[in-house]
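Asks: I am attaching a structure below and will ask some questions about it afterwards.
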Amino acid sequence: MKFAASVSLAALALAGCAANTSSTSPVAEVPATAAAAPAPAANALPYPQTPEGARQFIADVEKDLFDLNVITQHAAWVNNTYINEDTDALNAYFGTITTEKGVKYATQAAQYLQVQGLDADTARKLNILRGALVLAAPSTPGAAAELNDISTRLQSTYGKGRAMHKGKVITGDDAEALMGELRNPAELKEVWQSWHENVGRPMRNDYTRMVEIANQGAKELGYADTGAMWRSQYDMSPEEFSAMYDRLWAETKPLYNQLHCYTRTKLNQKYGNAVQPATGPIRADLLGNMWAQEWGNIYDVVAPKGSGDVGYDIGKLLEGQKKTPLDMFKIGEGFYSSLGFAPLPKTFWERTQFTRPRDREVVCHASAWDVDNKDDLRIKMCTKVNSDDFVTIHHEMGHNYYQRAYNQQPYLYLNGANDGFHEAIGDFVALSITPQYLVQIGLLDPKKVPDESKDTGLLLRQAMDKVAFLPFGLLVDKWRWGVFNGSITPANYNQAWVDLKREYQGITPPVARSEADFDPGAKFHIPGNTPYARYFLARILQFQFYKAACDISGWKGPLHRCSFYGNKEVGQRLNAMLAMGASKPWPDALQAFTGSREMSAKPMLEYFAPLQRWLEEQNRGKQCGW
Ligand code: X8Z
Ligand code: ZN
């Protein structure tokens, strides 16, 4: 299993981004599904089943896991940044130990949870420990090792993946960037198809077997399946979580539908009926992103006449000033420093992987790490000088500043309030990258700051990334939950993925698919086993955080023009929430910063309200939907 008891787990995971470990977040109650399921097999307990025995158990576990986690992260880091047979073996070796220990501790935690009179912290930590696994293995000898061999192989296969462009082999990070730049449908199709088929197809058997093992593991721990285990990590029952998830989508879907309708019209005008019909779903490779998850890269295609010329493009500004990836990282750090956060440690600059090394295989998908669970912060990226990576740097740094803010917490609380919080921090900061801010840091000429007549364009550019993402963020784990609960079987793995993309996103693949394909494997988080609901939650949460920060800073204008750059009070209030780590249920953390205890799409809808009205006007008379 991937054990994510915390930190690192978190970190790694947190990285959520970091592939081979896992993260988890706290659960406040024994999940309802777990209570209904058979009790985990008895496991000899090291201390009596008393409140004091439980406390001693937790103290030992926290010490043991802290140390194990550090060495496991060292192995994972070297594997992620230098893939070969040896580092795969090291990663699988430490992963196996972590899995075996994680299963043992989770089983024991479930037994201590039956003790009456536990103090609140011990009960919370036992619950965290019990649900800390991303992938559990059953206790059968060899199962944990097989699981870790498979998950390491899946991750490394993704890292080594290649695509084709004009008949030439290209790396995954180049393919990703090209999908944003190319406007020739035949070339787009070639890159899309080659990536999905080279990378996804070979993973199918490994993935199928991995699901079997992980589900056996989850069942042994008393969960219905691995998906139910994942959904039990949110201080509420899995059923309540699913209801909240669907409610947030219902609130935002009308806005997405308008954006889809408008974008389809523009694509139809540009490419013609043969490539993009005026009705029905949108062809997946035309949206500027390999997974059609964020569409900002085709802003030039959809920009409205007049109000659409926002006067700048961040990628071009960076290029124009010959900024390097390192410069981009320094700009990111500068934002956090302006809020009062201490500079990143010297080791960050020494150990971070800024760009793709020329002579070895790596996992390019961006991730943020805290290798020693204290201050050994690092980012692993294959940075390109473009707008996507400028935002991603702020995103990854959000993870690192969060990790450092909670590093005084006990081991089992070294994590975000929930995993959506971890994903939202850097994005929320990046919402402050307004034209005015770009002037402040010398990237934009003050004469080029777009006036209010350009607001529609600015909002549309943001919506192409933020709003377009919502159904994708939602469906990735709808697919995985279905795989784990058996409603999606290996016989329809691919069709179910294609169907979900059509149903939620209104997207269709550019070429026919079959069950020889395994398109989910072409998205990092599937072979990387990183739960994805967190990114959907983060899209919503980041606007809640942003509105709170703008309120704290006394902003009175339209929400989308606010930048809290340089505001120390925002920094202090933010730090107070971050420093809580996972020590309290997430509504407490949310309240500490925003005053609210509910996740709500209202701030996001307020931000985009002027755009939504404008889109409705543009789409008037059109048959929207697909
Ligand atoms: O995976 C990431 C980060 C690392 S946690 C780069 N993101 C999701 C993705 O790329 O699919 C950030 C946005 C969504
Ligand atoms: Zn992230």
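Chain labels A, B, ... are given in the sequence in which chains occur in the structure tokens; within each chain residues are numbered consecutively from 1, and ligands are likewise numbered from 1 in the order shown.
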Write out as a list in words each polymer residue whose atoms come within 12 Å of Thr265 of chain A, counting only C-alpha atoms; drop sequence neighbours fewer than 6 positions from it.
Replies: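 Counting only the stated atoms, we get Gln258, Leu259, Tyr271, Gly272, Asn273, Gln276, Pro277, Ala278, Thr279, Gly280, Pro281, Ile282, Val301, Val302, Ala303, Pro304, Leu615, Gln618, Asn619, Arg620, Lys622, Gln623, Cys624 and Gly625 of chain A.
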Asks: Output the selection as a CSV table (one decimal), in the first residue's frame - N, CA and C atoms for each residue.
Replies:
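Full text of selection_0.csv as output:
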chain,number,residue,atom,x,y,z
A,258,GLN,N,-21.9,27.2,-20.2
A,258,GLN,CA,-21.8,28.4,-21.1
A,258,GLN,C,-20.4,28.5,-21.7
A,259,LEU,N,-19.4,28.2,-20.9
A,259,LEU,CA,-18.1,28.3,-21.4
A,259,LEU,C,-17.8,27.3,-22.6
A,271,TYR,N,-11.9,26.0,-37.2
A,271,TYR,CA,-11.5,24.8,-37.9
A,271,TYR,C,-12.5,24.3,-38.9
A,272,GLY,N,-13.8,24.7,-38.8
A,272,GLY,CA,-14.8,24.2,-39.8
A,272,GLY,C,-15.5,23.0,-39.3
A,273,ASN,N,-16.6,22.7,-39.9
A,273,ASN,CA,-17.4,21.5,-39.5
A,273,ASN,C,-16.7,20.2,-39.5
A,276,GLN,N,-14.4,20.4,-36.3
A,276,GLN,CA,-15.2,20.7,-35.0
A,276,GLN,C,-16.6,21.1,-35.4
A,277,PRO,N,-17.5,20.1,-35.3
A,277,PRO,CA,-18.9,20.5,-35.6
A,277,PRO,C,-19.5,21.5,-34.7
A,278,ALA,N,-20.5,22.2,-35.1
A,278,ALA,CA,-21.1,23.3,-34.2
A,278,ALA,C,-21.9,22.8,-33.1
A,279,THR,N,-22.3,21.5,-33.1
A,279,THR,CA,-23.0,20.9,-32.0
A,279,THR,C,-22.3,19.7,-31.5
A,280,GLY,N,-22.8,19.1,-30.4
A,280,GLY,CA,-22.1,17.9,-29.9
A,280,GLY,C,-20.9,18.2,-29.1
A,281,PRO,N,-20.1,17.2,-28.7
A,281,PRO,CA,-19.0,17.4,-27.9
A,281,PRO,C,-17.8,18.0,-28.7
A,282,ILE,N,-16.8,18.5,-27.9
A,282,ILE,CA,-15.7,19.2,-28.5
A,282,ILE,C,-14.6,18.1,-28.7
A,301,VAL,N,-7.6,31.7,-29.7
A,301,VAL,CA,-8.6,31.2,-30.6
A,301,VAL,C,-10.0,31.7,-30.1
A,302,VAL,N,-10.2,31.9,-28.8
A,302,VAL,CA,-11.5,32.2,-28.3
A,302,VAL,C,-11.7,33.7,-28.0
A,303,ALA,N,-10.6,34.5,-28.0
A,303,ALA,CA,-10.6,35.9,-27.5
A,303,ALA,C,-11.7,36.7,-28.3
A,304,PRO,N,-12.5,37.4,-27.5
A,304,PRO,CA,-13.5,38.2,-28.2
A,304,PRO,C,-12.8,39.4,-28.9
A,615,LEU,N,-21.2,35.5,-21.4
A,615,LEU,CA,-21.3,34.3,-22.1
A,615,LEU,C,-22.7,34.0,-22.5
A,618,GLN,N,-23.5,35.9,-25.5
A,618,GLN,CA,-22.9,35.4,-26.7
A,618,GLN,C,-23.6,34.2,-27.2
A,619,ASN,N,-24.0,33.3,-26.3
A,619,ASN,CA,-24.6,32.0,-26.7
A,619,ASN,C,-26.1,32.1,-27.0
A,620,ARG,N,-26.7,33.3,-26.9
A,620,ARG,CA,-28.1,33.4,-27.1
A,620,ARG,C,-28.5,32.9,-28.4
A,622,LYS,N,-28.2,29.9,-29.4
A,622,LYS,CA,-27.4,28.7,-29.8
A,622,LYS,C,-28.0,27.5,-29.0
A,623,GLN,N,-27.8,26.3,-29.6
A,623,GLN,CA,-28.2,25.1,-28.9
A,623,GLN,C,-27.0,24.6,-28.1
A,624,CYS,N,-27.0,25.0,-26.8
A,624,CYS,CA,-25.8,24.6,-26.0
A,624,CYS,C,-26.0,23.2,-25.5
A,625,GLY,N,-25.0,22.6,-24.9
A,625,GLY,CA,-25.0,21.2,-24.4
A,625,GLY,C,-24.5,20.3,-25.5
Asks: Write out as a Markdown table a residue-level contact list of chain A versus ligand 2 with cut-off 10 Å: for each qualifying residue the closest pair of atoms and the distance in Å to one decimal, counting only C-alpha atoms and all ligand atoms, rows sorted by chain and residue number upward.
Replies:
| residue | atom | partner | partner_atom_place_in_ligand_line | distance |
| --- | --- | --- | --- | --- |
| A:Ala13 | CA | ligand 2 | 1 (Zn) | 8.8 |
| A:Leu14 | CA | ligand 2 | 1 (Zn) | 6.5 |
| A:Ala15 | CA | ligand 2 | 1 (Zn) | 5.6 |
| A:Gly16 | CA | ligand 2 | 1 (Zn) | 6.0 |
| A:Cys17 | CA | ligand 2 | 1 (Zn) | 5.4 |
| A:Ala18 | CA | ligand 2 | 1 (Zn) | 8.7 |
| A:Ala366 | CA | ligand 2 | 1 (Zn) | 7.8 |
| A:Ser367 | CA | ligand 2 | 1 (Zn) | 6.5 |
| A:Ala368 | CA | ligand 2 | 1 (Zn) | 7.3 |
| A:Thr392 | CA | ligand 2 | 1 (Zn) | 8.3 |
| A:Ile393 | CA | ligand 2 | 1 (Zn) | 9.9 |
| A:His394 | CA | ligand 2 | 1 (Zn) | 9.8 |
| A:His395 | CA | ligand 2 | 1 (Zn) | 6.2 |
| A:Glu396 | CA | ligand 2 | 1 (Zn) | 5.8 |
| A:Met397 | CA | ligand 2 | 1 (Zn) | 9.0 |
| A:Gly398 | CA | ligand 2 | 1 (Zn) | 8.1 |
| A:His399 | CA | ligand 2 | 1 (Zn) | 6.7 |
| A:Asn400 | CA | ligand 2 | 1 (Zn) | 9.9 |
| A:Asp419 | CA | ligand 2 | 1 (Zn) | 9.2 |
| A:Gly420 | CA | ligand 2 | 1 (Zn) | 9.1 |
| A:Phe421 | CA | ligand 2 | 1 (Zn) | 9.8 |
| A:His422 | CA | ligand 2 | 1 (Zn) | 6.9 |
| A:Glu423 | CA | ligand 2 | 1 (Zn) | 4.6 |
| A:Ala424 | CA | ligand 2 | 1 (Zn) | 7.8 |
| A:Ile425 | CA | ligand 2 | 1 (Zn) | 8.9 |
| A:Gly426 | CA | ligand 2 | 1 (Zn) | 8.1 |
| A:Asp427 | CA | ligand 2 | 1 (Zn) | 8.9 |
| A:Arg534 | CA | ligand 2 | 1 (Zn) | 9.0 |
| A:Tyr535 | CA | ligand 2 | 1 (Zn) | 7.9 |
| A:Ala538 | CA | ligand 2 | 1 (Zn) | 9.4 |
Asks: Write the selection just made, keeping N, CA and C atoms, as a PDB file, in the first residue's frame?
Replies:
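The result, stored in selection18.pdb:
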ATOM      1  N   ALA A  13       2.930  12.762  -1.065  1.00  0.00           N
ATOM      2  CA  ALA A  13       1.761  12.763  -1.730  1.00  0.00           C
ATOM      3  C   ALA A  13       1.419  14.088  -2.046  1.00  0.00           C
ATOM      4  N   LEU A  14       1.710  14.708  -1.232  1.00  0.00           N
ATOM      5  CA  LEU A  14       1.310  15.974  -1.361  1.00  0.00           C
ATOM      6  C   LEU A  14       1.590  16.373  -2.553  1.00  0.00           C
ATOM      7  N   ALA A  15       2.261  16.033  -2.046  1.00  0.00           N
ATOM      8  CA  ALA A  15       2.624  16.360  -3.094  1.00  0.00           C
ATOM      9  C   ALA A  15       1.718  15.760  -3.917  1.00  0.00           C
ATOM     10  N   GLY A  16       1.096  14.798  -3.477  1.00  0.00           N
ATOM     11  CA  GLY A  16       0.043  14.339  -4.277  1.00  0.00           C
ATOM     12  C   GLY A  16       0.610  14.388  -5.556  1.00  0.00           C
ATOM     13  N   CYS A  17       1.526  15.166  -5.498  1.00  0.00           N
ATOM     14  CA  CYS A  17       2.188  15.367  -6.713  1.00  0.00           C
ATOM     15  C   CYS A  17       3.257  14.377  -6.789  1.00  0.00           C
ATOM     16  N   ALA A  18       3.834  14.032  -5.703  1.00  0.00           N
ATOM     17  CA  ALA A  18       4.949  13.135  -5.793  1.00  0.00           C
ATOM     18  C   ALA A  18       4.397  11.769  -5.932  1.00  0.00           C
ATOM     19  N   ALA A 366       5.128  17.822 -12.190  1.00  0.00           N
ATOM     20  CA  ALA A 366       5.590  18.658 -11.076  1.00  0.00           C
ATOM     21  C   ALA A 366       5.158  18.113  -9.713  1.00  0.00           C
ATOM     22  N   SER A 367       6.062  18.217  -8.740  1.00  0.00           N
ATOM     23  CA  SER A 367       5.719  17.828  -7.370  1.00  0.00           C
ATOM     24  C   SER A 367       6.556  18.625  -6.385  1.00  0.00           C
ATOM     25  N   ALA A 368       6.056  18.703  -5.148  1.00  0.00           N
ATOM     26  CA  ALA A 368       6.749  19.438  -4.080  1.00  0.00           C
ATOM     27  C   ALA A 368       7.014  18.483  -2.931  1.00  0.00           C
ATOM     28  N   THR A 392       2.254  26.936 -12.276  1.00  0.00           N
ATOM     29  CA  THR A 392       2.598  25.694 -11.558  1.00  0.00           C
ATOM     30  C   THR A 392       3.665  25.944 -10.488  1.00  0.00           C
ATOM     31  N   ILE A 393       4.608  26.828 -10.759  1.00  0.00           N
ATOM     32  CA  ILE A 393       5.633  27.135  -9.742  1.00  0.00           C
ATOM     33  C   ILE A 393       4.964  27.700  -8.481  1.00  0.00           C
ATOM     34  N   HIS A 394       4.025  28.621  -8.667  1.00  0.00           N
ATOM     35  CA  HIS A 394       3.309  29.156  -7.488  1.00  0.00           C
ATOM     36  C   HIS A 394       2.541  28.042  -6.790  1.00  0.00           C
ATOM     37  N   HIS A 395       1.961  27.138  -7.587  1.00  0.00           N
ATOM     38  CA  HIS A 395       1.208  26.009  -7.036  1.00  0.00           C
ATOM     39  C   HIS A 395       2.122  25.134  -6.171  1.00  0.00           C
ATOM     40  N   GLU A 396       3.236  24.727  -6.727  1.00  0.00           N
ATOM     41  CA  GLU A 396       4.149  23.834  -5.986  1.00  0.00           C
ATOM     42  C   GLU A 396       4.694  24.517  -4.746  1.00  0.00           C
ATOM     43  N   MET A 397       5.027  25.784  -4.866  1.00  0.00           N
ATOM     44  CA  MET A 397       5.546  26.496  -3.690  1.00  0.00           C
ATOM     45  C   MET A 397       4.501  26.564  -2.584  1.00  0.00           C
ATOM     46  N   GLY A 398       3.242  26.642  -2.962  1.00  0.00           N
ATOM     47  CA  GLY A 398       2.178  26.608  -1.943  1.00  0.00           C
ATOM     48  C   GLY A 398       2.292  25.359  -1.087  1.00  0.00           C
ATOM     49  N   HIS A 399       2.579  24.218  -1.722  1.00  0.00           N
ATOM     50  CA  HIS A 399       2.782  22.981  -0.951  1.00  0.00           C
ATOM     51  C   HIS A 399       3.966  23.142   0.008  1.00  0.00           C
ATOM     52  N   ASN A 400       5.057  23.675  -0.495  1.00  0.00           N
ATOM     53  CA  ASN A 400       6.261  23.782   0.343  1.00  0.00           C
ATOM     54  C   ASN A 400       6.053  24.726   1.534  1.00  0.00           C
ATOM     55  N   ASP A 419      -6.814  17.197   1.746  1.00  0.00           N
ATOM     56  CA  ASP A 419      -5.884  17.277   0.611  1.00  0.00           C
ATOM     57  C   ASP A 419      -6.264  18.380  -0.385  1.00  0.00           C
ATOM     58  N   GLY A 420      -7.532  18.781  -0.388  1.00  0.00           N
ATOM     59  CA  GLY A 420      -7.935  19.903  -1.235  1.00  0.00           C
ATOM     60  C   GLY A 420      -7.289  21.211  -0.776  1.00  0.00           C
ATOM     61  N   PHE A 421      -7.116  21.363   0.536  1.00  0.00           N
ATOM     62  CA  PHE A 421      -6.444  22.569   1.043  1.00  0.00           C
ATOM     63  C   PHE A 421      -5.012  22.622   0.505  1.00  0.00           C
ATOM     64  N   HIS A 422      -4.342  21.460   0.558  1.00  0.00           N
ATOM     65  CA  HIS A 422      -2.939  21.443   0.120  1.00  0.00           C
ATOM     66  C   HIS A 422      -2.830  21.890  -1.332  1.00  0.00           C
ATOM     67  N   GLU A 423      -3.794  21.465  -2.135  1.00  0.00           N
ATOM     68  CA  GLU A 423      -3.744  21.803  -3.560  1.00  0.00           C
ATOM     69  C   GLU A 423      -4.192  23.233  -3.842  1.00  0.00           C
ATOM     70  N   ALA A 424      -4.890  23.841  -2.891  1.00  0.00           N
ATOM     71  CA  ALA A 424      -5.493  25.150  -3.171  1.00  0.00           C
ATOM     72  C   ALA A 424      -4.570  26.327  -2.843  1.00  0.00           C
ATOM     73  N   ILE A 425      -3.597  26.119  -1.960  1.00  0.00           N
ATOM     74  CA  ILE A 425      -2.840  27.270  -1.441  1.00  0.00           C
ATOM     75  C   ILE A 425      -2.088  28.019  -2.548  1.00  0.00           C
ATOM     76  N   GLY A 426      -1.291  27.293  -3.302  1.00  0.00           N
ATOM     77  CA  GLY A 426      -0.504  27.962  -4.339  1.00  0.00           C
ATOM     78  C   GLY A 426      -1.380  28.558  -5.431  1.00  0.00           C
ATOM     79  N   ASP A 427      -2.478  27.876  -5.750  1.00  0.00           N
ATOM     80  CA  ASP A 427      -3.380  28.390  -6.788  1.00  0.00           C
ATOM     81  C   ASP A 427      -4.051  29.683  -6.329  1.00  0.00           C
ATOM     82  N   ARG A 534      -9.121  15.896  -4.782  1.00  0.00           N
ATOM     83  CA  ARG A 534      -8.477  17.051  -4.146  1.00  0.00           C
ATOM     84  C   ARG A 534      -8.371  18.255  -5.084  1.00  0.00           C
ATOM     85  N   TYR A 535      -8.156  18.003  -6.374  1.00  0.00           N
ATOM     86  CA  TYR A 535      -7.980  19.127  -7.304  1.00  0.00           C
ATOM     87  C   TYR A 535      -9.312  19.795  -7.617  1.00  0.00           C
ATOM     88  N   ALA A 538      -9.974  21.858  -4.626  1.00  0.00           N
ATOM     89  CA  ALA A 538      -9.069  23.006  -4.589  1.00  0.00           C
ATOM     90  C   ALA A 538      -9.527  24.118  -5.529  1.00  0.00           C
TER      91      ALA A 538
END
Asks: Using only C-alpha atoms, which residues sit within 12 Å of Gly142 of chain A once same-chain residues fewer than 3 positions away are excluded, as JSON, numbers by chain?
Replies: {"A": [1, 93, 96, 97, 99, 100, 137, 138, 139, 145, 146, 147, 148, 149, 213]}
Asks: Could you tell me, as a list in words, which residues of segment 551-590 of chain A DSSP assigns to alpha helix (DSSP H) when given the backbone?
Replies: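 These are the residues in question: Asp551, Ile552, Lys568, Glu569, Val570, Gly571, Gln572, Arg573, Leu574, Asn575, Ala576, Met577, Leu578, Ala579, Trp586, Pro587, Asp588, Ala589 and Leu590 of chain A.
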Asks: How would the residues just picked look written out with N, CA, C and O atoms as a PDB file, in the first residue's frame?
Replies:
ATOM      1  N   ASP A 551     -10.865  40.418   1.277  1.00  0.00           N
ATOM      2  CA  ASP A 551     -11.614  41.080   2.353  1.00  0.00           C
ATOM      3  C   ASP A 551     -10.656  41.577   3.437  1.00  0.00           C
ATOM      4  O   ASP A 551     -10.755  42.719   3.888  1.00  0.00           O
ATOM      5  N   ILE A 552      -9.725  40.707   3.836  1.00  0.00           N
ATOM      6  CA  ILE A 552      -8.766  41.095   4.887  1.00  0.00           C
ATOM      7  C   ILE A 552      -7.976  42.323   4.432  1.00  0.00           C
ATOM      8  O   ILE A 552      -7.703  43.233   5.200  1.00  0.00           O
ATOM      9  N   LYS A 568       0.905  41.895   4.595  1.00  0.00           N
ATOM     10  CA  LYS A 568       1.419  41.076   5.708  1.00  0.00           C
ATOM     11  C   LYS A 568       0.300  40.509   6.580  1.00  0.00           C
ATOM     12  O   LYS A 568       0.448  39.448   7.185  1.00  0.00           O
ATOM     13  N   GLU A 569      -0.794  41.246   6.670  1.00  0.00           N
ATOM     14  CA  GLU A 569      -1.882  40.731   7.510  1.00  0.00           C
ATOM     15  C   GLU A 569      -2.476  39.462   6.884  1.00  0.00           C
ATOM     16  O   GLU A 569      -2.772  38.490   7.580  1.00  0.00           O
ATOM     17  N   VAL A 570      -2.622  39.481   5.572  1.00  0.00           N
ATOM     18  CA  VAL A 570      -3.084  38.265   4.887  1.00  0.00           C
ATOM     19  C   VAL A 570      -2.105  37.129   5.180  1.00  0.00           C
ATOM     20  O   VAL A 570      -2.497  36.003   5.503  1.00  0.00           O
ATOM     21  N   GLY A 571      -0.814  37.440   5.100  1.00  0.00           N
ATOM     22  CA  GLY A 571       0.210  36.423   5.356  1.00  0.00           C
ATOM     23  C   GLY A 571       0.077  35.824   6.752  1.00  0.00           C
ATOM     24  O   GLY A 571       0.144  34.593   6.913  1.00  0.00           O
ATOM     25  N   GLN A 572      -0.135  36.689   7.726  1.00  0.00           N
ATOM     26  CA  GLN A 572      -0.257  36.184   9.105  1.00  0.00           C
ATOM     27  C   GLN A 572      -1.479  35.304   9.288  1.00  0.00           C
ATOM     28  O   GLN A 572      -1.421  34.240   9.895  1.00  0.00           O
ATOM     29  N   ARG A 573      -2.593  35.777   8.751  1.00  0.00           N
ATOM     30  CA  ARG A 573      -3.843  35.000   8.896  1.00  0.00           C
ATOM     31  C   ARG A 573      -3.737  33.674   8.140  1.00  0.00           C
ATOM     32  O   ARG A 573      -4.212  32.642   8.596  1.00  0.00           O
ATOM     33  N   LEU A 574      -3.101  33.720   6.987  1.00  0.00           N
ATOM     34  CA  LEU A 574      -2.915  32.489   6.216  1.00  0.00           C
ATOM     35  C   LEU A 574      -2.022  31.528   6.990  1.00  0.00           C
ATOM     36  O   LEU A 574      -2.318  30.334   7.127  1.00  0.00           O
ATOM     37  N   ASN A 575      -0.939  32.060   7.525  1.00  0.00           N
ATOM     38  CA  ASN A 575      -0.007  31.203   8.253  1.00  0.00           C
ATOM     39  C   ASN A 575      -0.690  30.517   9.437  1.00  0.00           C
ATOM     40  O   ASN A 575      -0.407  29.353   9.739  1.00  0.00           O
ATOM     41  N   ALA A 576      -1.600  31.234  10.080  1.00  0.00           N
ATOM     42  CA  ALA A 576      -2.287  30.640  11.233  1.00  0.00           C
ATOM     43  C   ALA A 576      -3.066  29.399  10.793  1.00  0.00           C
ATOM     44  O   ALA A 576      -3.086  28.375  11.491  1.00  0.00           O
ATOM     45  N   MET A 577      -3.678  29.468   9.617  1.00  0.00           N
ATOM     46  CA  MET A 577      -4.412  28.293   9.129  1.00  0.00           C
ATOM     47  C   MET A 577      -3.429  27.182   8.725  1.00  0.00           C
ATOM     48  O   MET A 577      -3.617  26.016   9.080  1.00  0.00           O
ATOM     49  N   LEU A 578      -2.382  27.563   8.024  1.00  0.00           N
ATOM     50  CA  LEU A 578      -1.433  26.550   7.545  1.00  0.00           C
ATOM     51  C   LEU A 578      -0.771  25.823   8.714  1.00  0.00           C
ATOM     52  O   LEU A 578      -0.556  24.608   8.667  1.00  0.00           O
ATOM     53  N   ALA A 579      -0.437  26.573   9.755  1.00  0.00           N
ATOM     54  CA  ALA A 579       0.299  25.986  10.882  1.00  0.00           C
ATOM     55  C   ALA A 579      -0.531  24.941  11.627  1.00  0.00           C
ATOM     56  O   ALA A 579       0.020  24.110  12.345  1.00  0.00           O
ATOM     57  N   TRP A 586     -11.137  19.863   9.060  1.00  0.00           N
ATOM     58  CA  TRP A 586     -10.941  20.951   8.091  1.00  0.00           C
ATOM     59  C   TRP A 586     -11.891  22.139   8.252  1.00  0.00           C
ATOM     60  O   TRP A 586     -11.483  23.276   7.974  1.00  0.00           O
ATOM     61  N   PRO A 587     -13.154  21.924   8.695  1.00  0.00           N
ATOM     62  CA  PRO A 587     -13.986  23.128   8.843  1.00  0.00           C
ATOM     63  C   PRO A 587     -13.391  24.131   9.840  1.00  0.00           C
ATOM     64  O   PRO A 587     -13.558  25.348   9.688  1.00  0.00           O
ATOM     65  N   ASP A 588     -12.655  23.641  10.846  1.00  0.00           N
ATOM     66  CA  ASP A 588     -12.007  24.561  11.800  1.00  0.00           C
ATOM     67  C   ASP A 588     -10.939  25.393  11.090  1.00  0.00           C
ATOM     68  O   ASP A 588     -10.808  26.601  11.324  1.00  0.00           O
ATOM     69  N   ALA A 589     -10.171  24.736  10.226  1.00  0.00           N
ATOM     70  CA  ALA A 589      -9.111  25.448   9.504  1.00  0.00           C
ATOM     71  C   ALA A 589      -9.725  26.469   8.538  1.00  0.00           C
ATOM     72  O   ALA A 589      -9.274  27.616   8.453  1.00  0.00           O
ATOM     73  N   LEU A 590     -10.778  26.047   7.858  1.00  0.00           N
ATOM     74  CA  LEU A 590     -11.435  26.951   6.906  1.00  0.00           C
ATOM     75  C   LEU A 590     -11.967  28.185   7.635  1.00  0.00           C
ATOM     76  O   LEU A 590     -11.806  29.319   7.182  1.00  0.00           O
TER      77      LEU A 590
END
Asks: Would you mind listing what lies within 8 Å of Val211 of chain A as an NGL selection string, with only C-alpha atoms counted and same-chain residues fewer than 4 positions away left out?
Replies: :A and (207 or 215 or 483-484)
Asks: Kindly indicate which residue among A:Arg597, A:His560, A:Arg539, A:Lys374 lies nearest to ligand 1, using only C-alpha atoms and all ligand atoms for the distances.
Replies: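 Closest to ligand 1 of all the choices is A:Arg539.
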Asks: Could you work out how far atom CA of Gly222 of chain A lies from atom CA of Ala110 of chain A, giving the answer in Å with one decimal?
Replies: 9.0 Å
Asks: Hey, what's within 12 Å of Leu443 of chain A if we count only C-alpha atoms and toss same-chain stuff fewer than 6 positions away? As a PyMOL selection string, please?
Replies: chain A and resi 312-323+327-328+331+433-437+449
Asks: So which residues touch Met290 of chain A within 7 Å, counting only C-alpha atoms, skipping near sequence neighbours fewer than 3 positions away, as an NGL selection string?
Replies: :A and (176 or 179 or 192 or 285)
Asks: Which parts of segment 74-237 of chain A does DSSP call strand (DSSP E or B) when run on the backbone here, written out as a list in words?
Replies: Ile83, Leu133, Val134, Leu135, Arg162, Ala163, Met164, His165, Lys168, Val169, Ile170 and Thr171 of chain A
Asks: What does the file look like for those residues with N, CA and C atoms, as an mmCIF file, in the first residue's frame?
Replies:
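Dumped everything to again.cif:
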data_model
loop_
_atom_site.group_PDB
_atom_site.id
_atom_site.type_symbol
_atom_site.label_atom_id
_atom_site.label_comp_id
_atom_site.auth_asym_id
_atom_site.auth_seq_id
_atom_site.Cartn_x
_atom_site.Cartn_y
_atom_site.Cartn_z
ATOM 1 N N ILE A 83 15.375 7.742 -13.075
ATOM 2 C CA ILE A 83 14.697 6.441 -13.196
ATOM 3 C C ILE A 83 15.627 5.419 -13.842
ATOM 4 N N LEU A 133 -3.825 5.199 4.240
ATOM 5 C CA LEU A 133 -3.283 4.480 3.103
ATOM 6 C C LEU A 133 -3.901 4.974 1.812
ATOM 7 N N VAL A 134 -3.079 5.146 0.807
ATOM 8 C CA VAL A 134 -3.667 5.381 -0.513
ATOM 9 C C VAL A 134 -3.969 4.031 -1.143
ATOM 10 N N LEU A 135 -2.989 3.139 -1.088
ATOM 11 C CA LEU A 135 -3.229 1.764 -1.522
ATOM 12 C C LEU A 135 -2.833 0.843 -0.373
ATOM 13 N N ARG A 162 6.914 8.563 -24.150
ATOM 14 C CA ARG A 162 7.262 9.406 -25.307
ATOM 15 C C ARG A 162 6.048 9.547 -26.218
ATOM 16 N N ALA A 163 6.030 10.635 -26.980
ATOM 17 C CA ALA A 163 4.989 10.831 -27.994
ATOM 18 C C ALA A 163 5.685 11.066 -29.335
ATOM 19 N N MET A 164 4.895 11.333 -30.356
ATOM 20 C CA MET A 164 5.442 11.602 -31.690
ATOM 21 C C MET A 164 4.904 12.931 -32.201
ATOM 22 N N HIS A 165 5.787 13.667 -32.871
ATOM 23 C CA HIS A 165 5.341 14.869 -33.569
ATOM 24 C C HIS A 165 6.047 14.932 -34.914
ATOM 25 N N LYS A 168 8.656 12.421 -35.414
ATOM 26 C CA LYS A 168 9.822 12.385 -34.509
ATOM 27 C C LYS A 168 9.381 12.080 -33.083
ATOM 28 N N VAL A 169 10.252 11.345 -32.373
ATOM 29 C CA VAL A 169 9.958 11.009 -30.976
ATOM 30 C C VAL A 169 10.190 12.235 -30.098
ATOM 31 N N ILE A 170 9.240 12.521 -29.210
ATOM 32 C CA ILE A 170 9.402 13.671 -28.295
ATOM 33 C C ILE A 170 9.078 13.230 -26.863
ATOM 34 N N THR A 171 9.611 13.964 -25.894
ATOM 35 C CA THR A 171 9.365 13.634 -24.479
ATOM 36 C C THR A 171 7.957 14.064 -24.070
#
